[in-house]
Amino acid sequence: MDNLLNYQADFGKHSINALLGTSLTLQESNWNAIGVEGKNIVYSVENGGLVTKEAAEGFLDPYFMTIDAGRGGTYSGTGSKYQYNRFSVFGRINYAYANRYLLQFTLRRDGSSKFGPDNRYGNFPSLALGWKIDEEEFFPKGGLVNQLKLRGSWGKLGNEAALRYYDHQALVYSDNSLIRGYVRGGGNPWPGSIATNLENREIGWETTVSQNIGADFGLFNNTLKGAINYYSNTTEDLLITKKIAPSSGLVDPVLNVGKIRNSGFELELKYTNQNNPFAYNVGVNLATLKNKVISLGGEDQTLYGVGLKFGSEHFPNQTRIGSPIGGFFLYQTDGIFQNMNEVSEYVNADGKLLQPNAKPGDIRFVDIDGNGTINDDDKQYSGTGLPKVEVGITLGASYKGFDMSALLGSGWGHKLYNGNRYFFEAMSSGSNFLSTTLDAWTESNRNTSVPRAVLGDPNGNSRESTRFLEAGDFIRLRQVQLGYTLPKHVLGAIKSENLRFYISGQNLFTWTKYNGVDPEFGSPAVVGSTVLSTGVDRYIFPFTKSYTLGVQFLF
Amino acid sequence: MKRTTLKYIVLCLILSSATMSCSDRLELSAPDQLTSGNFWRNASDAEAGLASAYSQLESSTDVWEFSEIKFPVEAYREDICVIGSDAMNYQTWVELYNFTYTNGNSQFSRYWDINYTGIAFTNQVIEKVATIDMDVTYRDQIIAEAKFLRAYYHMKLLLNWEKIVLRDVYITNESQINKELSSRTEVWDFIIKDLEEAVGGLTPKHTEANVGRATKGAGYAYLGYCYLTRAYEEAPRRDEMLDKAEKALRNVTGYSLEKNFLSMFDGTNKNSKESIFELQFTDNTANGASYRTAIHKWIATGELGGWDEITPSNMLLAEFKKEGRVATTGNYDSRLYQTLFCEDSYFNDVNTPRVYGYTYDEVFENGSGRMSFRKYLPATLDDLNKSRTAVNLPLMRYADVLLLLAETLNEQGKPGDAIPLMNEVRKRADMPALSSGLDKEQVRKQIEHERILEFALENTRFYDLRRWGKTKEALHAIGRTNFDPNRHNFYPIPLLETKSNDKVN
C-alpha cells in the first residue's frame with residue numbers, strides 16, 4: 001500500500017520537486033502440504049505386551065497416486081505460516097538552481113516487524129549535492145571536455161535482511177522426534193516444545209552511512225564518457241550470526257555486532273565510435289575495495305568464521321579490529337624439514353624443540369611471536385578473500401550485418417583458502433586424496449611443497465596455515481557473442497522483418513593460478529558460512545562453460 | 001489556499017497510516033508458533049517443555065548421531081572394546097580411540113553441545129513452569145524432574161571434563177552468555193544440591209502412562225553415585241562422602257534384579273523391575289513420531305549385518321572366562337553369553353542355534369575368534385535386519401546400586417557387608433557365592449571384576465577406572481600405551497568454547 005504526494009514548482013531559475021509518501025508492505029505466507037505413506041500401523045498383543053508393527057498399504061493403482069486414492073496408508077501433514085510487515089514514511093525534496101546547482105534531501109523513517117518494540121523504527125536521512133560545471137557561463141564550449149558534473153552525497157540507510165521474521169522473539173518449537181521430544185509410558189511418543197533461541201528484544205537496525213564524492217564527464221563530444229568516484233561506507237551494528245559459547249545451550253543468534261568500513265575508488269570509462277560501417281565501443285570499469293573492521297564488542301574480541309572440520313575444528317577466518325572482516329589468520333609455513341637434523345635444530349631460546357612431533361617431510365611452522373612455543377598466537381593475518389581491485393571490460397562492435405560483443409571480468413589482490421585441499425591433501429587417514437599428493441615428500445622426492453603422507457598427522461601439517469592459502473587473482477571471459485543479421489533485401493523474400501543468427505559462449509576462458517575448481521566459487525560455499533567466512537572454498541561442482549547457438553526472427 | 005489543503009492531506013496521511021494502523025501491524029508474533037512469552041500456560045505446556053528437557057539425554061537427538069557421539073566419546077577409551085574396521089574411516093573417532101585427539105574433536109565437541117542444550121532446556125523449564133498456574137503437586141514434580149535432569153547433564157559433563165561451565169539460569173540476555181569455568185567441587189555441590197532438592201519432589205513410581213520418567217529411586221541412585229565418586233576425588237572428606245553415599249543408596253527401594261539379563265537390552269523388557277533410569281525409544285511412528293535409532297547397526301559386526309564400528313576386546317573375553325565354567329549352567333558366567341557373541345560351544349549347539357537361529361560357525365567363521373557385542377541388538381533376526389531399532393538403554397540398574405553400595409561399604413572397611421550384595425548380583429548370573437572371608441583388597445578386586453562383566457558397553461568402566469586411579473594401568477596392560485592419565489583422564493575444553501567464550505581460555 002503506497003501513498004504518494006508529488007509537488008512540482010518552478011520560480012524563475014528555481015525548480016522544486018517535493019515528494020511525500022508512506023508505504024506499508026504486508027507480506028504473508030501460508031504453506032501446507034499433506035502426504036500419504038503406503039503403510040499402516042497395526043497394533044496387536046503378543047506375550048501380553050502391546051506390539052506395534054507397520055504393514056504395507058498401497059494405492060489402488062500405482063499410477064494413481066492422489067492423496068485419497070489409497071487403500072489406507074498413513075497420512076501426514078505439514079505447513080508453515082509467516083507474516084512480515086514494514087512501514088515507511090518518506091519525504092524527498094529536489095531543488096535545482098538554473099539547472100546548475102542541484103540538491104536532493106531525503107528523509108525516511110522505516111519500521112519493521114522483525115524488531116522488538118524498543119528498536120522497531122529507524123530514521124534515515126540522506127543528502128546529495130551536484131554541480132553541473134558545464135552549464136556555467138565560464139565553461140568553454142566546444143573544448144576537449146564537453147560535459148562535467150561534480151557530485152557528493154551523504155546518506156544513511158537501514159538494513160534488516162539478515163534477520164528472519166521473528167528473531168527478536170524466542171520461538172517455541174514443537175517436535176515429535178528425537179531432537180526435541182521423548183518417550184514415556186514404555187513406548188508412547190511424547191512431543192516436546194521448547195524455545196531454542198536467544199530472546200533478544202534489543203536487536204535493532206543495521207545502519208550504513210554512505211559517503212561519495214565524484215565527477216561525471218564527457219570528452220570529445222561525448223564519444224568518451226566516464227565517471228570517477230570515491231566512496232566510504234561505514235556499516236554499524238551489523239546483523240551477523242555470531243558463534244556464541246556452546247555452553248550457553250542456545251542456537252547461534254543473529255546479533256548487532258561492531259562496525260566496518262568499505263572504501264575505495266570507482267572509475268568508469270566508455271568510448272563509443274558510431275562510424276559507419278564499422279561501429280564499436282569499449283568500456284572499462286574499475287573498482288577498489290578496502291574493508292576494515294573499526295570496532296567489535298571489545299578490543300580483543302575475535303569473531304570466528306566457519307570451522308571447516310565438522311564445524312568444530314579448523315577455523316581459517318578471524319574477524320578482528322583493524323583487519324578486513326573474515327580475514328585469514330593462519331600459521332606461517334617455512335618449508336619442509338628435510339632431515340632429522342633440521343628438526344632437532346629447530347629449537348627455542350631454551351633449547352627445547354619447537355615441533356617435537358615433527359619428522360623429516362613435515363612442515364616447519366614459524367614461531368611468529370617468538371615465545372618459544374607454536375600455538376594459536378602464532379597465527380598471523382595473511383590476507384582477505386575480498387578482491388582489492390575488480391576490473392571489467394566490455395567490448396561491442398558491428399560491421400555491416402555482423403555484430404560482436406564480449407564481457408571480461410577480473411579480480412585482483414585477494415586470497416582464497418582452498419578448503420578442498422585441506423580435506424583431500426591431508427593424507428592422514430586411509431581414504432581418497434587429490435592426485436597432487438602423489439608429489440608428497442619422500443626420501444627420494446625432496447623438492448616438493450607437499451609434506452609426507454602420515455597417518456594421524458602428528459605434526460599437524462594440515463592445521464590452518466598458509467599451506468592451503470592461494471592467490472585468488474583471475475581474469476575471466478564471461479561472455480562473448482557473434483551475430484549475423486541478414487540484409488533487408490533477403491528478408492523481404494522470406495517475409496521476415498529481422499533474422500539474426502548468433503553464437504555465444506559463457507565463461508569460455510579463465511586465467512588464474514588458483515588450484516580450486518573456480519576462483520569465483522559460489523558463495524557461501526560452506527554450510528554455515530557467512531561474511532565471517534569470506535574466501536573459504538569448499539566448492540566441488542565442476543565449473544561449466546556453455547555455448548549457445550541461436551536464431552532470432554521477427555515477422 | 002492550495003498550500004493549506006496540501007498540508008492537511010499530508011498530515012492526515014501520516015497520521016492515519018502511522019499511528020492508527022501501522023504501529024499495530026509491526027507488532028507481529030509468529031502465526032504458527034508460540035513464543036517464550038505466550039507459551040507456558042498450563043500443565044500440558046509444562047509437560048511438553050519437560051519432554052524437551054529429557055530429549056537431550058545421552059546425545060540421543062538423532063538417528064545416527066546418537067551412536068556416533070555417545071559410543072566413540074564414552075566407550076572407545078575403555079579397555080573392554082576394540083575399534084571396528086569401518087570406524088577407521090572416521091578420523092575423529094580414530095583419534096578418540098588412539099588418544100591423539102585435539103581440543104577440536106568433533107565428537108566430544110558435540111557431546112558438550114548436546115548436554116549443554118539439555119541444561120538450557122532444563123533451566124527454561126525450571127524457570128517457566130514455576131510461573132504456571134496449575135496443580136501445585138504436579139508442578140513441583142515437574143520442576144523436580146527438571147532439576148534431576150539438570151543435575152544429570154552436569155554430571156555427564158563433569159565425568160568427561162575436569163572443569164565445566166556451571167549453568168543455573170535460563171539465558172535471556174547477551175551478557176549472560178559468556179561464563180567462566182567452575183571448580184570440580186563447586187559443580188559437584190551444585191549437582192548434589194539439585195539432586196537433594198529433586199528427591200523431595202520426585203514420585204516413587206510413575207503411572208503406567210508416564211513410566212520412564214525420573215523417579216525418587218533414580219534421584220537417590222545418582223546421588224549415591226555422585227557421593228561415592230566424590231569420596232575418591234576429595235580425600236579429606238572421604239568418610240563423610242561414603243556415609244552420604246551409603247544413606248542415598250539405601251534409599252533406593254522397590255527394585256529387584258531381573259532374572260533374564262538379556263531381556264533388558266534387546267527391547268523385550270523395557271523398564272523392567274530392575275530398571276531405575278532408562279533411555280527411552282519407541283517403534284511407534286504414528287502421527288509422524290520418530291524415536292528410533294540405528295544403534296544396532298552401529299554395535300553389530302559385519303557378520304550380523306552391522307557396520308563393524310566396535311568389537312569386544314580379548315581382555316573382556318578373558319575377564320568373562322576368568323572364573324572358569326563354574327556357573328550352575330555348567331558354562332562360563334551367564335553374562336558372557338548375553339553380553340556378546342563369541343566362539344564357544346554355547347553358540348555352536350546345532351540343536352539350539354543361538355545366534356539368531358544359526359550357529360556361531362554359520363554366522364562367523366569357525367576358528368576366527370570373531371566377536372560381536374550383543375547388548376542393544378534387537379531380539380529377532382527380523383528386527384536386526386531393519387534399518388531402525390527402538391531398544392531402550394538402561395542407564396541405572398538396581399545391579400549398579402547393589403555394586404555401588406557394596407563398594408561404599410567395602411571402602412568403609414566393611415567387606416563382610418559388601419559380599420552378600422555382590423552375591424545377589426552373581427546369583428542372577430548363575431555364579432556361585434563368594435567366600436565370606438574375603439578381605440577389603442580382595443573385595444575391591446572382585447567388585448572390579450563384577451562391574452566389568454555386569455556393565456560391559458554400558459560405559460561405566462572408564463569412570464570406574466578413574467575413580468580407582470587405574471586408567472593408565474588398565475590401558476597400558478592391553479598395549480594402548482598412548483594413554484597418558486594427565487592428558488586423557490578428561491577431555492580438553494572444546495575449541496569452539498574457548499574461541500567464543502572469552503571467560504574460558
# chains A, B, ... in the order shown; residues from 1 in each chain; ligands from 1

$ residues_around --residues "Ile336 in chain A" --least-positions-apart "2" --cutoff "7 Å" --atoms "only C-alpha atoms" --output "list in words"
Asp334, Gln338, Gly361, Asp362, Ile363, Arg364 and Pro451 of chain A

$ write_last_selection --atoms "C-alpha atoms" --output "JSON list (two decimals), in the first residue's frame"
[["chain", "number", "residue", "atom", "x", "y", "z"],
["A", 334, "ASP", "CA", 58.52, -22.22, 6.31],
["A", 338, "GLN", "CA", 64.50, -32.36, 5.02],
["A", 361, "GLY", "CA", 58.92, -34.48, 5.47],
["A", 362, "ASP", "CA", 56.81, -32.46, 7.89],
["A", 363, "ILE", "CA", 56.11, -28.75, 7.55],
["A", 364, "ARG", "CA", 58.10, -26.18, 9.54],
["A", 451, "PRO", "CA", 54.52, -32.81, 3.09]]

$ select_by_dssp --residues "range 145-333 of chain B" --states "strand (DSSP E)" --output "PDB file with N, CA and C atoms, in the first residue's frame"
ATOM      1  N   SER B 275      15.091 -51.804  36.345  1.00  0.00           N
ATOM      2  CA  SER B 275      15.453 -50.537  35.712  1.00  0.00           C
ATOM      3  C   SER B 275      15.124 -49.350  36.612  1.00  0.00           C
ATOM      4  N   ILE B 276      16.119 -48.528  36.888  1.00  0.00           N
ATOM      5  CA  ILE B 276      15.907 -47.353  37.731  1.00  0.00           C
ATOM      6  C   ILE B 276      15.814 -46.094  36.872  1.00  0.00           C
ATOM      7  N   PHE B 277      16.670 -46.009  35.873  1.00  0.00           N
ATOM      8  CA  PHE B 277      16.580 -44.911  34.918  1.00  0.00           C
ATOM      9  C   PHE B 277      17.014 -45.472  33.578  1.00  0.00           C
ATOM     10  N   GLU B 278      16.223 -45.186  32.545  1.00  0.00           N
ATOM     11  CA  GLU B 278      16.431 -45.863  31.277  1.00  0.00           C
ATOM     12  C   GLU B 278      16.170 -44.908  30.129  1.00  0.00           C
ATOM     13  N   LEU B 279      16.994 -44.994  29.117  1.00  0.00           N
ATOM     14  CA  LEU B 279      16.829 -44.150  27.938  1.00  0.00           C
ATOM     15  C   LEU B 279      15.750 -44.750  27.046  1.00  0.00           C
ATOM     16  N   ILE B 310      32.603 -51.319  16.503  1.00  0.00           N
ATOM     17  CA  ILE B 310      33.143 -51.599  17.836  1.00  0.00           C
ATOM     18  C   ILE B 310      33.046 -53.107  18.073  1.00  0.00           C
ATOM     19  N   THR B 311      34.104 -53.714  18.605  1.00  0.00           N
ATOM     20  CA  THR B 311      34.048 -55.139  18.930  1.00  0.00           C
ATOM     21  C   THR B 311      34.604 -55.354  20.337  1.00  0.00           C
ATOM     22  N   PRO B 312      34.210 -56.475  20.977  1.00  0.00           N
ATOM     23  CA  PRO B 312      34.716 -56.743  22.328  1.00  0.00           C
ATOM     24  C   PRO B 312      36.221 -57.001  22.273  1.00  0.00           C
TER      25      PRO B 312
END

$ closest_residue --among "B:Ile80, B:Asn38, B:Arg213, B:Thr207" --to "Ser55 in chain B" --atoms "only C-alpha atoms"
B:Arg213

$ residues_around --residues "Leu384 in chain B" --least-positions-apart "2" --cutoff "9 Å" --atoms "only C-alpha atoms" --output "PyMOL selection string"
chain B and resi 296-297+304-306+377-382+386-389

$ write_last_selection --atoms "C-alpha atoms" --output "compact mmCIF listing (two decimals), in the first residue's frame"
# COMPACT_ATOMS: atom_id res chain seq x y z
CA HIS B 296 22.01 -51.97 16.40
CA LYS B 297 23.83 -51.44 13.11
CA LEU B 304 25.37 -59.73 11.72
CA GLY B 305 24.60 -57.10 9.12
CA GLY B 306 26.12 -54.32 11.19
CA LEU B 377 20.74 -55.72 19.42
CA PRO B 378 17.03 -56.48 18.89
CA ALA B 379 15.79 -59.94 19.88
CA THR B 380 14.73 -61.19 16.47
CA LEU B 381 16.55 -61.50 13.18
CA ASP B 382 13.72 -59.60 11.54
CA LYS B 386 15.64 -53.46 9.88
CA SER B 387 17.42 -50.19 9.40
CA ARG B 388 15.98 -48.75 12.63
CA THR B 389 15.55 -50.07 16.12

$ atom_distance --atom1 "CA of Ala170 in chain A" --atom2 "CA of Trp112 in chain B"
22.6 Å

$ atom_distance --atom1 "CA of Leu316 in chain B" --atom2 "CA of Phe462 in chain B"
13.7 Å

$ residues_around --residues "Val536 in chain A" --least-positions-apart "6" --cutoff "12 Å" --atoms "only C-alpha atoms" --output "ChimeraX atom specification"
/A:305-308,314-318,326-328,383-386,414-422,464,468-470,472,516,518-530

$ write_last_selection --atoms "N, CA and C atoms" --output "short mmCIF file (atom, residue, chain, number, x, y, z; two decimals), in the first residue's frame"
data_model
loop_
_atom_site.label_atom_id
_atom_site.label_comp_id
_atom_site.auth_asym_id
_atom_site.auth_seq_id
_atom_site.Cartn_x
_atom_site.Cartn_y
_atom_site.Cartn_z
N GLY A 305 34.96 -17.55 11.88
CA GLY A 305 34.12 -17.99 10.77
C GLY A 305 33.79 -19.45 10.95
N VAL A 306 33.59 -20.12 9.85
CA VAL A 306 33.16 -21.50 9.91
C VAL A 306 34.33 -22.42 10.29
N GLY A 307 34.02 -23.46 11.07
CA GLY A 307 35.01 -24.50 11.35
C GLY A 307 34.89 -25.53 10.24
N LEU A 308 35.92 -25.63 9.41
CA LEU A 308 35.78 -26.49 8.22
C LEU A 308 35.54 -27.94 8.59
N HIS A 314 39.29 -26.37 12.84
CA HIS A 314 39.88 -25.77 11.65
C HIS A 314 39.14 -24.50 11.22
N PHE A 315 39.53 -23.40 11.85
CA PHE A 315 38.91 -22.10 11.60
C PHE A 315 39.90 -21.19 10.87
N PRO A 316 39.80 -21.05 9.54
CA PRO A 316 40.77 -20.21 8.84
C PRO A 316 40.52 -18.70 9.04
N ASN A 317 39.27 -18.29 9.26
CA ASN A 317 38.95 -16.86 9.31
C ASN A 317 38.80 -16.34 10.73
N GLN A 318 39.27 -15.12 10.91
CA GLN A 318 39.01 -14.42 12.16
C GLN A 318 38.70 -12.98 11.83
N GLY A 326 36.35 -11.18 8.32
CA GLY A 326 36.61 -12.56 7.90
C GLY A 326 37.99 -12.75 7.30
N GLY A 327 38.98 -11.97 7.77
CA GLY A 327 40.34 -12.11 7.24
C GLY A 327 40.93 -13.47 7.59
N PHE A 328 41.97 -13.85 6.84
CA PHE A 328 42.62 -15.13 7.12
C PHE A 328 43.69 -14.93 8.19
N GLY A 383 45.80 -12.23 4.70
CA GLY A 383 45.08 -11.80 3.50
C GLY A 383 43.58 -11.89 3.69
N THR A 384 42.89 -11.45 2.67
CA THR A 384 41.43 -11.44 2.72
C THR A 384 40.86 -12.07 1.46
N GLY A 385 39.68 -12.60 1.57
CA GLY A 385 39.01 -13.19 0.42
C GLY A 385 38.30 -12.15 -0.44
N LEU A 386 38.33 -10.89 0.00
CA LEU A 386 37.67 -9.83 -0.78
C LEU A 386 38.65 -9.26 -1.78
N HIS A 414 43.37 -10.61 -3.87
CA HIS A 414 42.77 -11.32 -2.75
C HIS A 414 43.32 -12.74 -2.67
N LYS A 415 43.01 -13.39 -1.55
CA LYS A 415 43.47 -14.75 -1.33
C LYS A 415 42.25 -15.67 -1.19
N LEU A 416 42.46 -16.92 -1.51
CA LEU A 416 41.40 -17.90 -1.32
C LEU A 416 41.94 -19.07 -0.51
N TYR A 417 41.14 -19.54 0.43
CA TYR A 417 41.56 -20.67 1.25
C TYR A 417 40.96 -21.92 0.63
N ASN A 418 41.83 -22.74 0.10
CA ASN A 418 41.37 -23.92 -0.65
C ASN A 418 40.99 -25.05 0.31
N GLY A 419 39.75 -25.00 0.76
CA GLY A 419 39.26 -25.98 1.73
C GLY A 419 39.28 -27.40 1.20
N ASN A 420 39.16 -27.55 -0.10
CA ASN A 420 39.20 -28.91 -0.66
C ASN A 420 40.59 -29.51 -0.53
N ARG A 421 41.61 -28.67 -0.66
CA ARG A 421 42.96 -29.20 -0.46
C ARG A 421 43.16 -29.60 1.00
N TYR A 422 42.56 -28.82 1.90
CA TYR A 422 42.67 -29.20 3.32
C TYR A 422 42.12 -30.61 3.53
N GLU A 464 45.39 -25.01 10.19
CA GLU A 464 45.08 -23.87 9.34
C GLU A 464 46.34 -23.04 9.13
N PHE A 468 47.41 -23.88 2.60
CA PHE A 468 46.20 -24.02 1.78
C PHE A 468 45.71 -22.67 1.22
N LEU A 469 46.51 -21.62 1.45
CA LEU A 469 46.10 -20.29 1.00
C LEU A 469 46.71 -20.03 -0.37
N GLU A 470 45.88 -19.58 -1.28
CA GLU A 470 46.38 -19.34 -2.64
C GLU A 470 45.93 -17.97 -3.12
N GLY A 472 44.09 -15.41 -5.35
CA GLY A 472 42.79 -15.59 -5.99
C GLY A 472 42.64 -14.84 -7.30
N GLY A 516 41.79 -24.32 -7.17
CA GLY A 516 40.44 -24.85 -6.93
C GLY A 516 39.65 -24.95 -8.21
N ASP A 518 37.02 -23.22 -9.12
CA ASP A 518 36.54 -21.97 -9.66
C ASP A 518 36.96 -20.83 -8.72
N PRO A 519 37.72 -19.86 -9.23
CA PRO A 519 38.15 -18.77 -8.34
C PRO A 519 36.98 -17.90 -7.88
N GLU A 520 35.85 -18.01 -8.55
CA GLU A 520 34.66 -17.26 -8.12
C GLU A 520 33.61 -18.22 -7.58
N PHE A 521 34.05 -19.25 -6.85
CA PHE A 521 33.14 -20.27 -6.36
C PHE A 521 31.91 -19.62 -5.73
N GLY A 522 30.80 -20.27 -5.95
CA GLY A 522 29.55 -19.73 -5.41
C GLY A 522 29.69 -19.51 -3.92
N SER A 523 29.33 -18.37 -3.48
CA SER A 523 29.43 -18.08 -2.05
C SER A 523 28.01 -17.95 -1.51
N PRO A 524 27.68 -18.47 -0.36
CA PRO A 524 28.57 -19.19 0.54
C PRO A 524 28.72 -20.65 0.11
N ALA A 525 29.97 -21.07 0.01
CA ALA A 525 30.24 -22.42 -0.46
C ALA A 525 30.36 -23.41 0.68
N VAL A 526 30.28 -22.93 1.90
CA VAL A 526 30.41 -23.82 3.04
C VAL A 526 29.14 -23.71 3.87
N VAL A 527 28.64 -24.82 4.32
CA VAL A 527 27.45 -24.81 5.15
C VAL A 527 27.73 -23.99 6.41
N GLY A 528 26.84 -23.12 6.74
CA GLY A 528 27.00 -22.33 7.97
C GLY A 528 27.94 -21.15 7.80
N SER A 529 28.40 -20.90 6.58
CA SER A 529 29.34 -19.80 6.42
C SER A 529 28.57 -18.50 6.23
N THR A 530 29.20 -17.42 6.60
CA THR A 530 28.63 -16.10 6.45
C THR A 530 29.75 -15.22 5.94
#

$ atom_distance --atom1 "CA of Ser59 in chain B" --atom2 "CA of Tyr111 in chain B"
6.6 Å

$ closest_residue --among "B:Ala286, B:Ala75, B:Ala218, B:Leu181" --to "chain A" --atoms "only C-alpha atoms"
B:Ala286

$ closest_residue --among "A:Ala56, A:Val45, A:Val89, A:Leu150" --to "Leu102 in chain A" --atoms "only C-alpha atoms"
A:Leu150
